[in-house]
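Novice: Could you have a look at this structure, given as structure tokens, before my questions?
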Protein chains: 2
Amino acid sequence: MPRASERSAPRKAAASTRASRSNPKSAATRERILDAGASILARYGYAGARLEDVAEIAGVAAPAIYYYFRSRESLIEEVMQLGASRAHEHVRSALDALPSAATPLERIEAAIRAHLEALFELSDYAAANIRNSGQLPEQIRKRQYEQEKLYGALWQKLLEAARTSGEVRTDFDPYLTKMLVLGSLNWTPEWVDVKTTKLEELVRQAQNLILSGIRA
Amino acid sequence: MPRASERSAPRKAAASTRASRSNPKSAATRERILDAGASILARYGYAGARLEDVAEIAGVAAPAIYYYFRSRESLIEEVMQLGASRAHEHVRSALDALPSAATPLERIEAAIRAHLEALFELSDYAAANIRNSGQLPEQIRKRQYEQEKLYGALWQKLLEAARTSGEVRTDFDPYLTKMLVLGSLNWTPEWVDVKTTKLEELVRQAQNLILSGIRA
């Protein structure tokens with residue numbers, strides 16, 4: 001059974017979406033629509049994300065969105081992809097910034113912090129991605145999955161390095177542990193209220209819980 | 001801005017939904033529609049759940065669903081509520097079945113197992129609930145939240161008892177820890193493939209990770 005298919009805008013609008021990126025003003029509007037899309041997706045989820053709301057936040061008329069994006073789905077897909085790539089990039093930069101003497105456990109500690117920063121501080125993109133990754137139509141889901149695998153590989157390497165160094169327990173399965181750890185971080189946008197939970201406290205608790213959980 | 005409102009079926013159909021519960025055959029069909037709804041919601045999520053697919057699995061004509069449920073949303077809400085209450089009930093029963101000499105940490109260990117059993121063995125209801133709790137229209141979400149609070153209170157008590165007994169670290173915040181722990185469990189339906197991951201192995205890894213994480 002085919003799942004929700006992309007509803008395309010009229011051909012003329014679709015053809016113009018490429019041209020718009022080269023004009024600085026157009027590029028800025030396009031960016032604003034993406035930012036608004038990230039904010040709405042992070043807040044209301046895939047089912048509840050309405051183009052009218054995106055347009056309102058971006059300060060454009062709703063039909064204008066089709067000048068920049070072929071369909072609601074293609075806007076959502078781009079937000080999801082940016083969410084994944086920006087979070088990945090942020091975590092990788094945080095790891096690169098560590099002194100070369102950092103131990104594998106210290107690298108995991110830094111990755112936990114950077115993952116939570118991406119979800120709560122960087123922008124709405126990562127939260128939009130995480131909160132909706134399981135809700136997408138199958139076509140988008142598949143492309144999304146490729147990006148997730150790359151990020152998963154980064155964590156897998158972090159855990160395997162810690163295992164090789166003898167810093168972590170040997171009685172755990174690296175894949176299952178990695179997914180349980182990422183789960184505890186990825187679920188945070190479902191419950192953390194940034195008005196009452198301090199990011200610093202959340203980071204510290206997550207680091208304590210996870211590092212104690214895996215330490216040899 | 002108002003979010004997705006309930007699309008009601010014609011008045012006649014709505015009026016008949018109550019009568020149908022007292023007839024055993026009707027009750028069985030209703031149950032079958034709920035089961036199908038749980039299966040579709042667990043698999044495709046709130047946005048992708050189509051009544052045609054629910055009807056196909058339940059073996060009824062799609063319009064017949066309106067004989068039993070006022071709207072798509074009221075079917076989904078009932079599935080979500082059953083998911084929450086059945087999971088809660090299963091965890092509570094598992095705790096009640098423990099010997100009275102069980103330590104607070106042993107009780108947490110049992111709760112981890114029961115929570116994962118509810119997600120993967122009991123039925124599709126708990127997974128349908130967990131995978132969609134952040135995707136619901138605001139009205140349903142609010143009622144849903146009341147149920148989640150009750151279940152959260154059960155875990156809060158488990159952790160506080162372990163803290164009082166001195167079995168767990170005192171440098172953690174019980175609320176943040178509880179939510180991080182539940183997050184690692186609640187994220188599992190996003191990635192566990194029951195064809196390749198054995199529940200027993202998942203339970204053991206989750207228990208190891210979490211208990212080591214909180215133990216004094």
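Going through the structure tokens in order, the chains are called A, B, and so on, while each chain numbers its residues from 1 and the ligands are numbered from 1 in the order shown.
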Could the residues of chain A within 6 Å of chain B, counting only C-alpha atoms, be given as a list in words, please?
Specialist: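 Selected residues: Gly45, Ala47, Gln135, Leu180, Gly183, Ser184, Trp187, Leu209, Ile210, Ser212 and Gly213 of chain A.
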Novice: Keeping only all heavy atoms, take the residues you just selected and write them out as an mmCIF file, in the first residue's frame.
Specialist:
data_model
loop_
_atom_site.group_PDB
_atom_site.id
_atom_site.type_symbol
_atom_site.label_atom_id
_atom_site.label_comp_id
_atom_site.auth_asym_id
_atom_site.auth_seq_id
_atom_site.Cartn_x
_atom_site.Cartn_y
_atom_site.Cartn_z
ATOM 1 N N GLY A 45 5.066 18.594 15.112
ATOM 2 C CA GLY A 45 5.243 17.281 14.499
ATOM 3 C C GLY A 45 4.762 17.255 13.061
ATOM 4 O O GLY A 45 4.126 18.192 12.565
ATOM 5 N N ALA A 47 2.464 15.517 11.429
ATOM 6 C CA ALA A 47 1.026 15.565 11.131
ATOM 7 C C ALA A 47 0.462 16.958 11.341
ATOM 8 O O ALA A 47 -0.404 17.407 10.597
ATOM 9 C CB ALA A 47 0.276 14.556 12.002
ATOM 10 N N GLN A 135 7.982 9.343 11.666
ATOM 11 C CA GLN A 135 6.626 9.712 11.238
ATOM 12 C C GLN A 135 6.547 10.006 9.745
ATOM 13 O O GLN A 135 5.495 10.394 9.243
ATOM 14 C CB GLN A 135 6.170 10.965 12.002
ATOM 15 C CG GLN A 135 6.157 10.818 13.511
ATOM 16 C CD GLN A 135 4.967 10.037 14.020
ATOM 17 O OE1 GLN A 135 3.920 10.029 13.384
ATOM 18 N NE2 GLN A 135 5.109 9.361 15.145
ATOM 19 N N LEU A 180 20.460 2.449 22.978
ATOM 20 C CA LEU A 180 19.818 2.798 24.247
ATOM 21 C C LEU A 180 20.306 4.172 24.730
ATOM 22 O O LEU A 180 19.519 4.989 25.223
ATOM 23 C CB LEU A 180 20.106 1.729 25.313
ATOM 24 C CG LEU A 180 19.372 0.387 25.120
ATOM 25 C CD1 LEU A 180 19.999 -0.703 25.989
ATOM 26 C CD2 LEU A 180 17.881 0.523 25.438
ATOM 27 N N GLY A 183 18.867 6.789 22.502
ATOM 28 C CA GLY A 183 17.436 6.896 22.832
ATOM 29 C C GLY A 183 17.200 7.827 24.003
ATOM 30 O O GLY A 183 16.300 8.667 23.963
ATOM 31 N N SER A 184 18.024 7.688 25.040
ATOM 32 C CA SER A 184 17.791 8.540 26.221
ATOM 33 C C SER A 184 17.995 10.008 25.848
ATOM 34 O O SER A 184 17.299 10.885 26.355
ATOM 35 C CB SER A 184 18.691 8.124 27.385
ATOM 36 O OG SER A 184 20.007 8.561 27.175
ATOM 37 N N TRP A 187 15.017 11.210 23.203
ATOM 38 C CA TRP A 187 13.678 11.360 23.765
ATOM 39 C C TRP A 187 13.519 12.700 24.485
ATOM 40 O O TRP A 187 12.414 13.138 24.767
ATOM 41 C CB TRP A 187 13.395 10.188 24.731
ATOM 42 C CG TRP A 187 11.964 10.073 25.144
ATOM 43 C CD1 TRP A 187 11.432 10.425 26.349
ATOM 44 C CD2 TRP A 187 10.868 9.557 24.367
ATOM 45 N NE1 TRP A 187 10.079 10.156 26.372
ATOM 46 C CE2 TRP A 187 9.713 9.633 25.173
ATOM 47 C CE3 TRP A 187 10.761 9.043 23.072
ATOM 48 C CZ2 TRP A 187 8.459 9.211 24.725
ATOM 49 C CZ3 TRP A 187 9.514 8.634 22.628
ATOM 50 C CH2 TRP A 187 8.385 8.718 23.443
ATOM 51 N N LEU A 209 24.782 9.545 34.178
ATOM 52 C CA LEU A 209 24.013 8.312 34.024
ATOM 53 C C LEU A 209 24.660 7.401 32.979
ATOM 54 O O LEU A 209 24.870 6.207 33.206
ATOM 55 C CB LEU A 209 22.579 8.659 33.601
ATOM 56 C CG LEU A 209 21.636 7.479 33.387
ATOM 57 C CD1 LEU A 209 21.330 6.779 34.704
ATOM 58 C CD2 LEU A 209 20.318 7.942 32.739
ATOM 59 N N ILE A 210 24.994 7.974 31.836
ATOM 60 C CA ILE A 210 25.502 7.153 30.733
ATOM 61 C C ILE A 210 26.924 6.672 31.013
ATOM 62 O O ILE A 210 27.245 5.493 30.839
ATOM 63 C CB ILE A 210 25.424 7.941 29.406
ATOM 64 C CG1 ILE A 210 23.950 8.184 29.057
ATOM 65 C CG2 ILE A 210 26.138 7.190 28.288
ATOM 66 C CD1 ILE A 210 23.727 9.191 27.948
ATOM 67 N N SER A 212 28.429 6.303 33.913
ATOM 68 C CA SER A 212 28.411 5.275 34.961
ATOM 69 C C SER A 212 27.854 3.971 34.410
ATOM 70 O O SER A 212 28.253 2.889 34.827
ATOM 71 C CB SER A 212 27.532 5.698 36.148
ATOM 72 O OG SER A 212 27.859 6.981 36.560
ATOM 73 N N GLY A 213 26.921 4.092 33.489
ATOM 74 C CA GLY A 213 26.296 2.899 32.926
ATOM 75 C C GLY A 213 27.251 2.057 32.107
ATOM 76 O O GLY A 213 27.121 0.824 32.069
#
Novice: Is it possible to get the superposed chain A, fitted on chain B over all Cα pairs by sequence order, as an mmCIF file with C-alpha atoms, in the first residue's frame?
Specialist:
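The result, stored in selection24.cif:
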data_model
loop_
_atom_site.group_PDB
_atom_site.id
_atom_site.type_symbol
_atom_site.label_atom_id
_atom_site.label_comp_id
_atom_site.auth_asym_id
_atom_site.auth_seq_id
_atom_site.Cartn_x
_atom_site.Cartn_y
_atom_site.Cartn_z
ATOM 1 C CA MET A 1 -3.971 28.853 16.223
ATOM 2 C CA PRO A 2 -6.285 25.870 16.528
ATOM 3 C CA ARG A 3 -4.767 22.511 15.684
ATOM 4 C CA ALA A 4 -6.316 19.636 13.707
ATOM 5 C CA SER A 5 -9.899 19.409 14.904
ATOM 6 C CA GLU A 6 -11.933 16.235 15.066
ATOM 7 C CA ARG A 7 -13.803 15.548 11.890
ATOM 8 C CA SER A 8 -17.073 14.059 13.070
ATOM 9 C CA ALA A 9 -19.037 11.464 11.161
ATOM 10 C CA PRO A 10 -22.715 12.088 10.429
ATOM 11 C CA ARG A 11 -24.891 12.426 13.538
ATOM 12 C CA LYS A 12 -26.684 9.120 13.005
ATOM 13 C CA ALA A 13 -23.503 7.119 13.022
ATOM 14 C CA ALA A 14 -22.213 9.002 16.059
ATOM 15 C CA ALA A 15 -25.380 8.177 18.005
ATOM 16 C CA SER A 16 -25.011 4.472 17.280
ATOM 17 C CA THR A 17 -21.481 4.154 18.625
ATOM 18 C CA ARG A 18 -22.676 3.636 22.181
ATOM 19 C CA ALA A 19 -25.268 0.982 21.360
ATOM 20 C CA SER A 20 -22.757 -1.172 19.557
ATOM 21 C CA ARG A 21 -20.788 -2.054 22.675
ATOM 22 C CA SER A 22 -23.571 -4.143 24.244
ATOM 23 C CA ASN A 23 -23.923 -6.541 21.299
ATOM 24 C CA PRO A 24 -21.238 -9.283 21.484
ATOM 25 C CA LYS A 25 -20.698 -9.402 17.727
ATOM 26 C CA SER A 26 -20.458 -5.635 17.524
ATOM 27 C CA ALA A 27 -18.125 -5.586 20.503
ATOM 28 C CA ALA A 28 -15.849 -8.112 18.779
ATOM 29 C CA THR A 29 -15.758 -6.034 15.584
ATOM 30 C CA ARG A 30 -15.069 -2.900 17.581
ATOM 31 C CA GLU A 31 -12.177 -4.689 19.303
ATOM 32 C CA ARG A 32 -10.831 -5.829 15.928
ATOM 33 C CA ILE A 33 -10.882 -2.262 14.636
ATOM 34 C CA LEU A 34 -9.017 -1.080 17.733
ATOM 35 C CA ASP A 35 -6.409 -3.833 17.304
ATOM 36 C CA ALA A 36 -5.975 -2.882 13.647
ATOM 37 C CA GLY A 37 -5.707 0.784 14.633
ATOM 38 C CA ALA A 38 -2.965 -0.073 17.129
ATOM 39 C CA SER A 39 -1.062 -2.034 14.510
ATOM 40 C CA ILE A 40 -1.276 0.746 11.892
ATOM 41 C CA LEU A 41 -0.422 3.500 14.384
ATOM 42 C CA ALA A 42 2.569 1.584 15.739
ATOM 43 C CA ARG A 43 3.820 1.059 12.201
ATOM 44 C CA TYR A 44 3.004 4.245 10.283
ATOM 45 C CA GLY A 45 2.499 6.852 12.992
ATOM 46 C CA TYR A 46 -0.242 9.404 13.449
ATOM 47 C CA ALA A 47 0.235 11.179 10.125
ATOM 48 C CA GLY A 48 0.420 7.999 8.091
ATOM 49 C CA ALA A 49 -2.436 6.119 9.779
ATOM 50 C CA ARG A 50 -5.217 5.761 7.194
ATOM 51 C CA LEU A 51 -8.651 4.412 7.985
ATOM 52 C CA GLU A 52 -8.593 2.411 4.730
ATOM 53 C CA ASP A 53 -5.611 0.462 6.051
ATOM 54 C CA VAL A 54 -7.231 -0.010 9.458
ATOM 55 C CA ALA A 55 -10.377 -1.290 7.752
ATOM 56 C CA GLU A 56 -8.383 -3.673 5.560
ATOM 57 C CA ILE A 57 -6.620 -5.266 8.535
ATOM 58 C CA ALA A 58 -9.822 -5.410 10.597
ATOM 59 C CA GLY A 59 -11.687 -6.951 7.670
ATOM 60 C CA VAL A 60 -14.444 -4.341 7.537
ATOM 61 C CA ALA A 61 -15.459 -1.724 4.986
ATOM 62 C CA ALA A 62 -13.851 1.650 5.751
ATOM 63 C CA PRO A 63 -17.138 3.548 6.303
ATOM 64 C CA ALA A 64 -18.167 0.894 8.851
ATOM 65 C CA ILE A 65 -15.523 2.297 11.203
ATOM 66 C CA TYR A 66 -17.800 5.308 11.736
ATOM 67 C CA TYR A 67 -20.429 2.955 13.113
ATOM 68 C CA TYR A 68 -18.081 2.224 16.011
ATOM 69 C CA PHE A 69 -16.063 5.449 16.332
ATOM 70 C CA ARG A 70 -17.163 9.042 16.026
ATOM 71 C CA SER A 71 -14.083 10.033 14.032
ATOM 72 C CA ARG A 72 -10.570 9.001 13.021
ATOM 73 C CA GLU A 73 -9.335 11.017 16.013
ATOM 74 C CA SER A 74 -11.585 9.253 18.507
ATOM 75 C CA LEU A 75 -10.370 5.836 17.304
ATOM 76 C CA ILE A 76 -6.781 7.008 17.610
ATOM 77 C CA GLU A 77 -7.394 8.474 21.044
ATOM 78 C CA GLU A 78 -8.871 5.216 22.312
ATOM 79 C CA VAL A 79 -5.894 3.250 20.978
ATOM 80 C CA MET A 80 -3.533 5.695 22.671
ATOM 81 C CA GLN A 81 -5.379 5.439 25.980
ATOM 82 C CA LEU A 82 -5.478 1.650 25.888
ATOM 83 C CA GLY A 83 -1.770 1.651 25.054
ATOM 84 C CA ALA A 84 -0.960 3.735 28.107
ATOM 85 C CA SER A 85 -3.272 1.903 30.500
ATOM 86 C CA ARG A 86 -2.263 -1.590 29.405
ATOM 87 C CA ALA A 87 1.447 -0.838 29.657
ATOM 88 C CA HIS A 88 0.940 0.734 33.073
ATOM 89 C CA GLU A 89 -1.091 -2.271 34.214
ATOM 90 C CA HIS A 90 1.530 -4.715 32.943
ATOM 91 C CA VAL A 91 4.348 -2.966 34.800
ATOM 92 C CA ARG A 92 2.295 -2.714 37.991
ATOM 93 C CA SER A 93 1.430 -6.436 37.837
ATOM 94 C CA ALA A 94 5.081 -7.319 37.349
ATOM 95 C CA LEU A 95 5.973 -5.290 40.437
ATOM 96 C CA ASP A 96 3.140 -6.828 42.454
ATOM 97 C CA ALA A 97 4.363 -10.295 41.514
ATOM 98 C CA LEU A 98 7.800 -9.694 43.085
ATOM 99 C CA PRO A 99 8.524 -11.239 46.478
ATOM 100 C CA SER A 100 8.072 -8.708 49.262
ATOM 101 C CA ALA A 101 11.793 -8.980 50.027
ATOM 102 C CA ALA A 102 12.691 -7.557 46.598
ATOM 103 C CA THR A 103 15.039 -4.565 46.914
ATOM 104 C CA PRO A 104 14.256 -1.228 45.259
ATOM 105 C CA LEU A 105 16.901 -1.945 42.597
ATOM 106 C CA GLU A 106 15.341 -5.336 41.887
ATOM 107 C CA ARG A 107 12.008 -3.570 41.494
ATOM 108 C CA ILE A 108 13.539 -1.170 38.956
ATOM 109 C CA GLU A 109 15.073 -4.134 37.145
ATOM 110 C CA ALA A 110 11.628 -5.771 36.913
ATOM 111 C CA ALA A 111 10.012 -2.530 35.738
ATOM 112 C CA ILE A 112 12.553 -2.195 32.902
ATOM 113 C CA ARG A 113 11.708 -5.706 31.744
ATOM 114 C CA ALA A 114 7.951 -5.175 31.996
ATOM 115 C CA HIS A 115 8.120 -1.830 30.147
ATOM 116 C CA LEU A 116 9.977 -3.463 27.246
ATOM 117 C CA GLU A 117 7.616 -6.443 27.279
ATOM 118 C CA ALA A 118 4.683 -4.047 26.997
ATOM 119 C CA LEU A 119 6.341 -2.406 23.990
ATOM 120 C CA PHE A 120 7.275 -5.564 22.117
ATOM 121 C CA GLU A 121 5.321 -8.549 23.353
ATOM 122 C CA LEU A 122 2.014 -7.588 24.859
ATOM 123 C CA SER A 123 0.405 -6.061 21.750
ATOM 124 C CA ASP A 124 0.822 -3.100 19.397
ATOM 125 C CA TYR A 125 -0.985 -0.730 21.756
ATOM 126 C CA ALA A 126 1.921 0.416 23.900
ATOM 127 C CA ALA A 127 4.176 0.994 20.882
ATOM 128 C CA ALA A 128 1.349 2.870 19.140
ATOM 129 C CA ASN A 129 1.099 5.062 22.211
ATOM 130 C CA ILE A 130 4.796 5.722 22.692
ATOM 131 C CA ARG A 131 5.564 6.379 19.031
ATOM 132 C CA ASN A 132 2.829 8.958 18.676
ATOM 133 C CA SER A 133 2.529 10.680 22.010
ATOM 134 C CA GLY A 134 4.290 13.795 20.722
ATOM 135 C CA GLN A 135 2.357 13.920 17.448
ATOM 136 C CA LEU A 136 -1.220 14.335 18.632
ATOM 137 C CA PRO A 137 -3.524 17.310 18.252
ATOM 138 C CA GLU A 138 -3.430 19.414 21.394
ATOM 139 C CA GLN A 139 -6.839 18.342 22.778
ATOM 140 C CA ILE A 140 -5.988 14.641 22.714
ATOM 141 C CA ARG A 141 -2.467 15.397 23.878
ATOM 142 C CA LYS A 142 -3.762 17.017 27.054
ATOM 143 C CA ARG A 143 -5.913 14.056 28.073
ATOM 144 C CA GLN A 144 -3.054 11.740 27.181
ATOM 145 C CA TYR A 145 -0.747 13.714 29.422
ATOM 146 C CA GLU A 146 -2.827 12.929 32.507
ATOM 147 C CA GLN A 147 -2.264 9.202 31.974
ATOM 148 C CA GLU A 148 1.449 9.711 31.401
ATOM 149 C CA LYS A 149 1.734 11.539 34.689
ATOM 150 C CA LEU A 150 0.333 8.527 36.581
ATOM 151 C CA TYR A 151 2.841 6.223 34.958
ATOM 152 C CA GLY A 152 5.641 8.709 35.564
ATOM 153 C CA ALA A 153 4.671 8.768 39.242
ATOM 154 C CA LEU A 154 5.145 4.993 39.454
ATOM 155 C CA TRP A 155 8.722 5.330 38.180
ATOM 156 C CA GLN A 156 9.409 8.327 40.347
ATOM 157 C CA LYS A 157 8.444 6.234 43.402
ATOM 158 C CA LEU A 158 10.665 3.361 42.277
ATOM 159 C CA LEU A 159 13.670 5.689 41.978
ATOM 160 C CA GLU A 160 12.951 7.508 45.212
ATOM 161 C CA ALA A 161 12.655 4.227 47.111
ATOM 162 C CA ALA A 162 16.033 3.163 45.751
ATOM 163 C CA ARG A 163 17.472 6.480 46.770
ATOM 164 C CA THR A 164 16.085 6.227 50.294
ATOM 165 C CA SER A 165 17.468 2.712 50.635
ATOM 166 C CA GLY A 166 20.917 3.994 49.702
ATOM 167 C CA GLU A 167 21.145 1.700 46.682
ATOM 168 C CA VAL A 168 21.459 4.483 44.148
ATOM 169 C CA ARG A 169 23.688 7.518 43.790
ATOM 170 C CA THR A 170 22.609 10.654 45.563
ATOM 171 C CA ASP A 171 24.147 13.057 43.063
ATOM 172 C CA PHE A 172 21.356 12.651 40.556
ATOM 173 C CA ASP A 173 18.101 14.464 40.130
ATOM 174 C CA PRO A 174 15.331 11.817 40.358
ATOM 175 C CA TYR A 175 13.119 13.526 37.775
ATOM 176 C CA LEU A 176 15.818 14.031 35.136
ATOM 177 C CA THR A 177 17.175 10.532 35.709
ATOM 178 C CA LYS A 178 13.724 8.998 35.442
ATOM 179 C CA MET A 179 13.068 10.773 32.148
ATOM 180 C CA LEU A 180 16.457 9.834 30.697
ATOM 181 C CA VAL A 181 15.878 6.202 31.694
ATOM 182 C CA LEU A 182 12.346 6.116 30.280
ATOM 183 C CA GLY A 183 13.671 7.819 27.141
ATOM 184 C CA SER A 184 16.145 5.035 26.473
ATOM 185 C CA LEU A 185 13.268 2.523 26.762
ATOM 186 C CA ASN A 186 10.692 4.591 24.876
ATOM 187 C CA TRP A 187 12.967 5.154 21.914
ATOM 188 C CA THR A 188 13.354 1.399 21.314
ATOM 189 C CA PRO A 189 10.325 1.062 18.993
ATOM 190 C CA GLU A 190 12.124 3.517 16.672
ATOM 191 C CA TRP A 191 15.012 1.143 16.047
ATOM 192 C CA VAL A 192 14.469 -2.360 17.409
ATOM 193 C CA ASP A 193 13.811 -4.888 14.683
ATOM 194 C CA VAL A 194 12.085 -7.774 16.416
ATOM 195 C CA LYS A 195 13.270 -10.074 13.645
ATOM 196 C CA THR A 196 16.939 -9.495 14.525
ATOM 197 C CA THR A 197 16.945 -8.309 18.152
ATOM 198 C CA LYS A 198 16.021 -10.825 20.840
ATOM 199 C CA LEU A 199 13.857 -9.237 23.522
ATOM 200 C CA GLU A 200 15.766 -11.126 26.207
ATOM 201 C CA GLU A 201 19.065 -9.619 25.053
ATOM 202 C CA LEU A 202 17.562 -6.122 24.847
ATOM 203 C CA VAL A 203 16.146 -6.452 28.376
ATOM 204 C CA ARG A 204 19.482 -7.613 29.750
ATOM 205 C CA GLN A 205 21.420 -4.787 28.076
ATOM 206 C CA ALA A 206 18.943 -2.156 29.210
ATOM 207 C CA GLN A 207 18.978 -3.487 32.777
ATOM 208 C CA ASN A 208 22.803 -3.544 32.830
ATOM 209 C CA LEU A 209 23.162 -0.071 31.406
ATOM 210 C CA ILE A 210 20.513 1.554 33.582
ATOM 211 C CA LEU A 211 21.288 -0.220 36.842
ATOM 212 C CA SER A 212 25.011 0.447 36.480
ATOM 213 C CA GLY A 213 24.143 4.026 35.645
ATOM 214 C CA ILE A 214 22.193 4.670 38.832
ATOM 215 C CA ARG A 215 23.813 2.312 41.347
ATOM 216 C CA ALA A 216 25.616 3.926 44.288
#
Novice: Chain A: which residues are alpha helix (DSSP H) by DSSP, as a PyMOL selection string?
Specialist: chain A and resi 11-19+24-48+51-58+65-68+72-96+104-117+125-132+138-164+174-186+199-214
